[in-house]
Amino acid sequence: MTLLDGKLTSKKLRARFAEQVRSYEETYGKKPGLAVILVGEDPASQTYVKNKELACLEVGFYSEVHRLPESTTQEELLELIAKLNADDKIHGILVQLPVPRHIDEVTVIEAIDPKKDVDAFGYASVGRIMVGNPDFLPCTPAGVMALLDEYDIPVEGKNAVVIGRSNIVGKPQAMLLLHKNATVTVCHSKTQNLADITREADILVVAIGRAKFVTQDMVKDGAVVIDVGMNRDENGRLCGDVDFDAVKEKASFITPVPGGCGPMTITMLLQNTLTAAKNAAK
Ligand code: GUN
């Protein structure tokens, strides 16, 4: 079994991005810039946003974090997005989800200029992903593909099974695997005989948000197992959607949690912001 090390792979990629940032700055006299907006005090979101901010500084981006109170109105949030859309220091805009219930998520995402939609959640970005001509790749699925690439794991012709059909991970993940010529099956909470399907997977991507849901009997010998989950176990420790200790005995490659997909997601956000900055300079 080989660990798919997202921390190490991220370090390598981020060093490459830092070089590209230096050359961008030399050419254009400014840095790629990312604005992150967080509404409310959700603790998990606060951690994610802090990590995104630190990653921006690590590669030399210009970074703005707008921390807004829970009571922020949708109108106020849309005003801020409009200002950032027009700000040429800012190449990427990200609104950390979830937003409070009185704010409509779709309206907010759609307010972001598609050229700055570095999360790739807007309709324009999703459409481009669907037809295989993306400006920005969705960060978590792109991180999974980058890990497969880094470890020279072939995808073409393989049986890939994705558990989870969210707009953020499952659906775009299926699309990216399909574009690499995998045969893709998407499973979800209504899937019957789930284990029969997962046991056929050469590549198994798990994104359902249930601690240690995938057990050893659900995995084929030699499968590549990628765990996008981020949960707390009964002792309050971080764990994924896969029962790592048992499944690692069967897998050929497996991601740890933490240190697998998490850092890669942020690395792909950096990549998208760099792409947005380069596109803006064209
Ligand atoms: N909340 C959970 N994951 C994400 C993500 O990838 N982007 C944003 N903006 N919010 C999230």
# chains A, B, ... in the order shown; residues from 1 in each chain; ligands from 1

$ residues_around --residues "segment 131-145 of chain A" --least-positions-apart "5" --cutoff "9 Å" --atoms "only C-alpha atoms" --output "short mmCIF file (atom, residue, chain, number, x, y, z; two decimals) with N, CA, C and O atoms, in the first residue's frame"
data_model
loop_
_atom_site.label_atom_id
_atom_site.label_comp_id
_atom_site.auth_asym_id
_atom_site.auth_seq_id
_atom_site.Cartn_x
_atom_site.Cartn_y
_atom_site.Cartn_z
N GLY A 6 -1.13 14.07 0.19
CA GLY A 6 -1.61 15.37 -0.31
C GLY A 6 -0.78 16.53 0.21
O GLY A 6 -0.71 17.58 -0.44
N LYS A 115 -15.30 35.12 -14.64
CA LYS A 115 -13.84 35.18 -14.82
C LYS A 115 -13.10 35.11 -13.48
O LYS A 115 -11.91 34.87 -13.44
N ASP A 117 -14.53 33.26 -10.83
CA ASP A 117 -15.20 32.18 -10.09
C ASP A 117 -14.24 31.02 -9.83
O ASP A 117 -14.37 29.93 -10.41
N VAL A 118 -13.27 31.25 -8.95
CA VAL A 118 -12.20 30.26 -8.75
C VAL A 118 -12.65 29.00 -8.01
O VAL A 118 -11.93 28.01 -7.96
N ASP A 119 -13.85 29.02 -7.42
CA ASP A 119 -14.43 27.80 -6.85
C ASP A 119 -15.09 26.96 -7.95
O ASP A 119 -15.37 25.77 -7.74
N ALA A 120 -15.38 27.60 -9.08
CA ALA A 120 -16.05 26.94 -10.22
C ALA A 120 -17.44 26.41 -9.85
O ALA A 120 -17.85 25.35 -10.29
N PHE A 121 -18.16 27.17 -9.03
CA PHE A 121 -19.51 26.76 -8.61
C PHE A 121 -20.61 27.42 -9.45
O PHE A 121 -21.76 26.99 -9.38
N SER A 125 -19.28 28.23 -15.04
CA SER A 125 -18.15 27.33 -14.78
C SER A 125 -18.58 25.87 -14.88
O SER A 125 -17.89 25.04 -15.47
N VAL A 126 -19.76 25.57 -14.28
CA VAL A 126 -20.25 24.18 -14.29
C VAL A 126 -20.50 23.72 -15.73
O VAL A 126 -20.15 22.60 -16.10
N GLU A 150 0.02 12.67 -9.97
CA GLU A 150 1.31 12.72 -9.27
C GLU A 150 1.86 11.30 -9.03
O GLU A 150 3.05 11.07 -9.07
N ILE A 168 -20.60 20.05 -5.26
CA ILE A 168 -19.23 20.49 -4.99
C ILE A 168 -18.22 19.38 -5.31
O ILE A 168 -17.14 19.64 -5.81
N VAL A 169 -18.57 18.13 -4.99
CA VAL A 169 -17.60 17.05 -5.18
C VAL A 169 -18.10 15.94 -6.13
O VAL A 169 -17.54 15.74 -7.19
N GLY A 170 -19.14 15.23 -5.74
CA GLY A 170 -19.50 14.00 -6.46
C GLY A 170 -19.74 14.19 -7.94
O GLY A 170 -19.13 13.51 -8.78
N PRO A 172 -19.09 16.87 -10.12
CA PRO A 172 -17.93 17.27 -10.94
C PRO A 172 -16.82 16.23 -10.93
O PRO A 172 -16.10 16.08 -11.93
N GLN A 173 -16.68 15.47 -9.83
CA GLN A 173 -15.66 14.41 -9.80
C GLN A 173 -15.93 13.38 -10.89
O GLN A 173 -15.01 12.94 -11.60
N ALA A 174 -17.20 12.99 -11.02
CA ALA A 174 -17.58 12.02 -12.05
C ALA A 174 -17.20 12.56 -13.43
O ALA A 174 -16.68 11.82 -14.28
N MET A 175 -17.45 13.83 -13.64
CA MET A 175 -17.17 14.46 -14.93
C MET A 175 -15.66 14.44 -15.23
O MET A 175 -15.24 14.11 -16.35
N LEU A 176 -14.84 14.79 -14.24
CA LEU A 176 -13.40 14.83 -14.49
C LEU A 176 -12.86 13.43 -14.77
O LEU A 176 -11.99 13.24 -15.63
N LEU A 177 -13.38 12.44 -14.06
CA LEU A 177 -12.94 11.05 -14.31
C LEU A 177 -13.37 10.60 -15.70
O LEU A 177 -12.61 9.95 -16.42
N HIS A 179 -13.83 12.52 -18.28
CA HIS A 179 -13.00 13.19 -19.28
C HIS A 179 -11.63 12.54 -19.42
O HIS A 179 -10.95 12.72 -20.43
N VAL A 205 -13.76 6.83 -5.12
CA VAL A 205 -13.70 8.17 -4.51
C VAL A 205 -14.90 8.30 -3.58
O VAL A 205 -16.04 8.10 -4.01
N ILE A 226 -9.76 6.86 -2.50
CA ILE A 226 -9.59 8.30 -2.25
C ILE A 226 -10.72 8.80 -1.37
O ILE A 226 -11.89 8.68 -1.71
N VAL A 228 -12.51 11.75 0.50
CA VAL A 228 -12.70 13.20 0.53
C VAL A 228 -13.35 13.64 1.86
O VAL A 228 -13.47 14.82 2.15
N GLY A 260 -4.60 14.24 3.02
CA GLY A 260 -4.83 13.68 1.69
C GLY A 260 -5.45 14.74 0.78
O GLY A 260 -4.76 15.60 0.23
N CYS A 261 -6.79 14.69 0.69
CA CYS A 261 -7.50 15.59 -0.23
C CYS A 261 -7.56 17.04 0.27
O CYS A 261 -7.62 17.96 -0.54
N GLY A 262 -7.56 17.24 1.59
CA GLY A 262 -7.72 18.59 2.16
C GLY A 262 -6.71 19.60 1.60
O GLY A 262 -7.10 20.61 1.00
N PRO A 263 -5.42 19.33 1.79
CA PRO A 263 -4.43 20.28 1.27
C PRO A 263 -4.48 20.43 -0.25
O PRO A 263 -4.23 21.52 -0.77
N MET A 264 -4.86 19.35 -0.93
CA MET A 264 -4.92 19.41 -2.41
C MET A 264 -6.03 20.35 -2.88
O MET A 264 -5.89 21.04 -3.89
N THR A 265 -7.15 20.38 -2.14
CA THR A 265 -8.25 21.29 -2.50
C THR A 265 -7.76 22.73 -2.50
O THR A 265 -8.01 23.50 -3.44
N ILE A 266 -7.03 23.09 -1.46
CA ILE A 266 -6.54 24.47 -1.37
C ILE A 266 -5.48 24.73 -2.44
O ILE A 266 -5.44 25.80 -3.05
N THR A 267 -4.68 23.73 -2.73
CA THR A 267 -3.66 23.89 -3.77
C THR A 267 -4.32 24.16 -5.13
O THR A 267 -3.84 24.99 -5.91
N MET A 268 -5.43 23.50 -5.39
CA MET A 268 -6.13 23.73 -6.66
C MET A 268 -6.79 25.10 -6.70
O MET A 268 -6.90 25.71 -7.76
N LEU A 269 -7.19 25.60 -5.53
CA LEU A 269 -7.72 26.98 -5.46
C LEU A 269 -6.61 27.98 -5.85
O LEU A 269 -6.87 28.95 -6.57
N GLN A 271 -4.11 27.28 -7.81
CA GLN A 271 -3.92 27.11 -9.25
C GLN A 271 -4.97 27.90 -10.04
O GLN A 271 -4.65 28.59 -11.01
N ASN A 272 -6.23 27.82 -9.60
CA ASN A 272 -7.31 28.55 -10.29
C ASN A 272 -7.09 30.06 -10.21
O ASN A 272 -7.35 30.78 -11.19
N THR A 273 -6.63 30.53 -9.07
CA THR A 273 -6.42 31.98 -8.91
C THR A 273 -5.29 32.45 -9.83
O THR A 273 -5.37 33.51 -10.46
N THR A 275 -4.47 30.99 -12.64
CA THR A 275 -5.06 30.96 -13.98
C THR A 275 -5.91 32.21 -14.24
O THR A 275 -5.80 32.83 -15.31
N ALA A 276 -6.72 32.60 -13.24
CA ALA A 276 -7.57 33.79 -13.39
C ALA A 276 -6.70 35.03 -13.60
O ALA A 276 -7.03 35.90 -14.44
#

$ closest_residue --among "A:Glu156, A:Asp104, A:Glu41, A:Glu58" --to "Lys11 of chain A" --atoms "only C-alpha atoms"
A:Glu58

$ closest_residue --among "A:Ile153, A:Ala86, A:Ala207, A:Ile163" --to "Lys190 of chain A" --atoms "only C-alpha atoms"
A:Ile163

$ select_by_dssp --residues "segment 28-105 of chain A" --states "strand (DSSP E)" --output "list in words"
Gly33, Leu34, Ala35, Val36, Ile37, Leu38, Val39, Tyr62, Ser63, Glu64, Val65, His66, Arg67, Leu68, Gly92, Ile93, Leu94 and Val95 of chain A

$ write_last_selection --atoms "N, CA, C and O atoms" --output "PDB file, in the first residue's frame"
ATOM      1  N   GLY A  33      -4.386  38.016  -7.082  1.00  0.00           N
ATOM      2  CA  GLY A  33      -5.097  38.365  -5.844  1.00  0.00           C
ATOM      3  C   GLY A  33      -6.355  37.542  -5.639  1.00  0.00           C
ATOM      4  O   GLY A  33      -7.129  37.329  -6.572  1.00  0.00           O
ATOM      5  N   LEU A  34      -6.533  37.060  -4.416  1.00  0.00           N
ATOM      6  CA  LEU A  34      -7.737  36.283  -4.069  1.00  0.00           C
ATOM      7  C   LEU A  34      -8.491  36.968  -2.931  1.00  0.00           C
ATOM      8  O   LEU A  34      -7.877  37.349  -1.923  1.00  0.00           O
ATOM      9  N   ALA A  35      -9.789  37.130  -3.100  1.00  0.00           N
ATOM     10  CA  ALA A  35     -10.636  37.625  -2.010  1.00  0.00           C
ATOM     11  C   ALA A  35     -11.531  36.494  -1.520  1.00  0.00           C
ATOM     12  O   ALA A  35     -12.206  35.837  -2.313  1.00  0.00           O
ATOM     13  N   VAL A  36     -11.486  36.260  -0.223  1.00  0.00           N
ATOM     14  CA  VAL A  36     -12.340  35.236   0.388  1.00  0.00           C
ATOM     15  C   VAL A  36     -13.343  35.941   1.298  1.00  0.00           C
ATOM     16  O   VAL A  36     -12.972  36.842   2.050  1.00  0.00           O
ATOM     17  N   ILE A  37     -14.601  35.553   1.181  1.00  0.00           N
ATOM     18  CA  ILE A  37     -15.649  36.146   2.014  1.00  0.00           C
ATOM     19  C   ILE A  37     -16.228  35.066   2.927  1.00  0.00           C
ATOM     20  O   ILE A  37     -16.606  33.982   2.458  1.00  0.00           O
ATOM     21  N   LEU A  38     -16.243  35.367   4.212  1.00  0.00           N
ATOM     22  CA  LEU A  38     -16.850  34.450   5.184  1.00  0.00           C
ATOM     23  C   LEU A  38     -17.950  35.198   5.924  1.00  0.00           C
ATOM     24  O   LEU A  38     -17.702  36.236   6.532  1.00  0.00           O
ATOM     25  N   VAL A  39     -19.157  34.669   5.855  1.00  0.00           N
ATOM     26  CA  VAL A  39     -20.284  35.287   6.579  1.00  0.00           C
ATOM     27  C   VAL A  39     -20.634  34.387   7.759  1.00  0.00           C
ATOM     28  O   VAL A  39     -20.949  33.206   7.574  1.00  0.00           O
ATOM     29  N   TYR A  62      -1.561  38.277  -3.377  1.00  0.00           N
ATOM     30  CA  TYR A  62      -2.247  39.298  -2.622  1.00  0.00           C
ATOM     31  C   TYR A  62      -3.538  38.651  -2.105  1.00  0.00           C
ATOM     32  O   TYR A  62      -4.236  37.982  -2.866  1.00  0.00           O
ATOM     33  N   SER A  63      -3.813  38.816  -0.812  1.00  0.00           N
ATOM     34  CA  SER A  63      -4.962  38.117  -0.233  1.00  0.00           C
ATOM     35  C   SER A  63      -5.820  39.059   0.611  1.00  0.00           C
ATOM     36  O   SER A  63      -5.296  39.868   1.371  1.00  0.00           O
ATOM     37  N   GLU A  64      -7.123  38.975   0.419  1.00  0.00           N
ATOM     38  CA  GLU A  64      -8.063  39.731   1.251  1.00  0.00           C
ATOM     39  C   GLU A  64      -9.049  38.747   1.841  1.00  0.00           C
ATOM     40  O   GLU A  64      -9.599  37.921   1.119  1.00  0.00           O
ATOM     41  N   VAL A  65      -9.279  38.846   3.148  1.00  0.00           N
ATOM     42  CA  VAL A  65     -10.341  38.044   3.744  1.00  0.00           C
ATOM     43  C   VAL A  65     -11.374  38.993   4.336  1.00  0.00           C
ATOM     44  O   VAL A  65     -11.029  39.864   5.136  1.00  0.00           O
ATOM     45  N   HIS A  66     -12.607  38.855   3.901  1.00  0.00           N
ATOM     46  CA  HIS A  66     -13.695  39.690   4.412  1.00  0.00           C
ATOM     47  C   HIS A  66     -14.520  38.839   5.368  1.00  0.00           C
ATOM     48  O   HIS A  66     -15.229  37.933   4.933  1.00  0.00           O
ATOM     49  N   ARG A  67     -14.362  39.114   6.661  1.00  0.00           N
ATOM     50  CA  ARG A  67     -15.135  38.367   7.676  1.00  0.00           C
ATOM     51  C   ARG A  67     -16.340  39.227   8.061  1.00  0.00           C
ATOM     52  O   ARG A  67     -16.176  40.285   8.648  1.00  0.00           O
ATOM     53  N   LEU A  68     -17.525  38.757   7.676  1.00  0.00           N
ATOM     54  CA  LEU A  68     -18.742  39.541   7.885  1.00  0.00           C
ATOM     55  C   LEU A  68     -19.603  38.885   8.964  1.00  0.00           C
ATOM     56  O   LEU A  68     -19.611  37.657   9.091  1.00  0.00           O
ATOM     57  N   GLY A  92      -9.562  36.400  -8.149  1.00  0.00           N
ATOM     58  CA  GLY A  92     -10.454  35.312  -7.742  1.00  0.00           C
ATOM     59  C   GLY A  92     -11.296  35.733  -6.548  1.00  0.00           C
ATOM     60  O   GLY A  92     -10.813  36.444  -5.667  1.00  0.00           O
ATOM     61  N   ILE A  93     -12.568  35.326  -6.562  1.00  0.00           N
ATOM     62  CA  ILE A  93     -13.481  35.627  -5.449  1.00  0.00           C
ATOM     63  C   ILE A  93     -14.105  34.313  -4.986  1.00  0.00           C
ATOM     64  O   ILE A  93     -14.582  33.523  -5.809  1.00  0.00           O
ATOM     65  N   LEU A  94     -14.094  34.109  -3.690  1.00  0.00           N
ATOM     66  CA  LEU A  94     -14.667  32.883  -3.143  1.00  0.00           C
ATOM     67  C   LEU A  94     -15.537  33.234  -1.940  1.00  0.00           C
ATOM     68  O   LEU A  94     -15.084  33.924  -1.034  1.00  0.00           O
ATOM     69  N   VAL A  95     -16.776  32.799  -1.968  1.00  0.00           N
ATOM     70  CA  VAL A  95     -17.649  32.940  -0.798  1.00  0.00           C
ATOM     71  C   VAL A  95     -17.675  31.586  -0.104  1.00  0.00           C
ATOM     72  O   VAL A  95     -18.106  30.585  -0.690  1.00  0.00           O
TER      73      VAL A  95
END

$ atom_distance --atom1 "atom CA of Val257 of chain A" --atom2 "atom CA of Arg237 of chain A"
10.2 Å
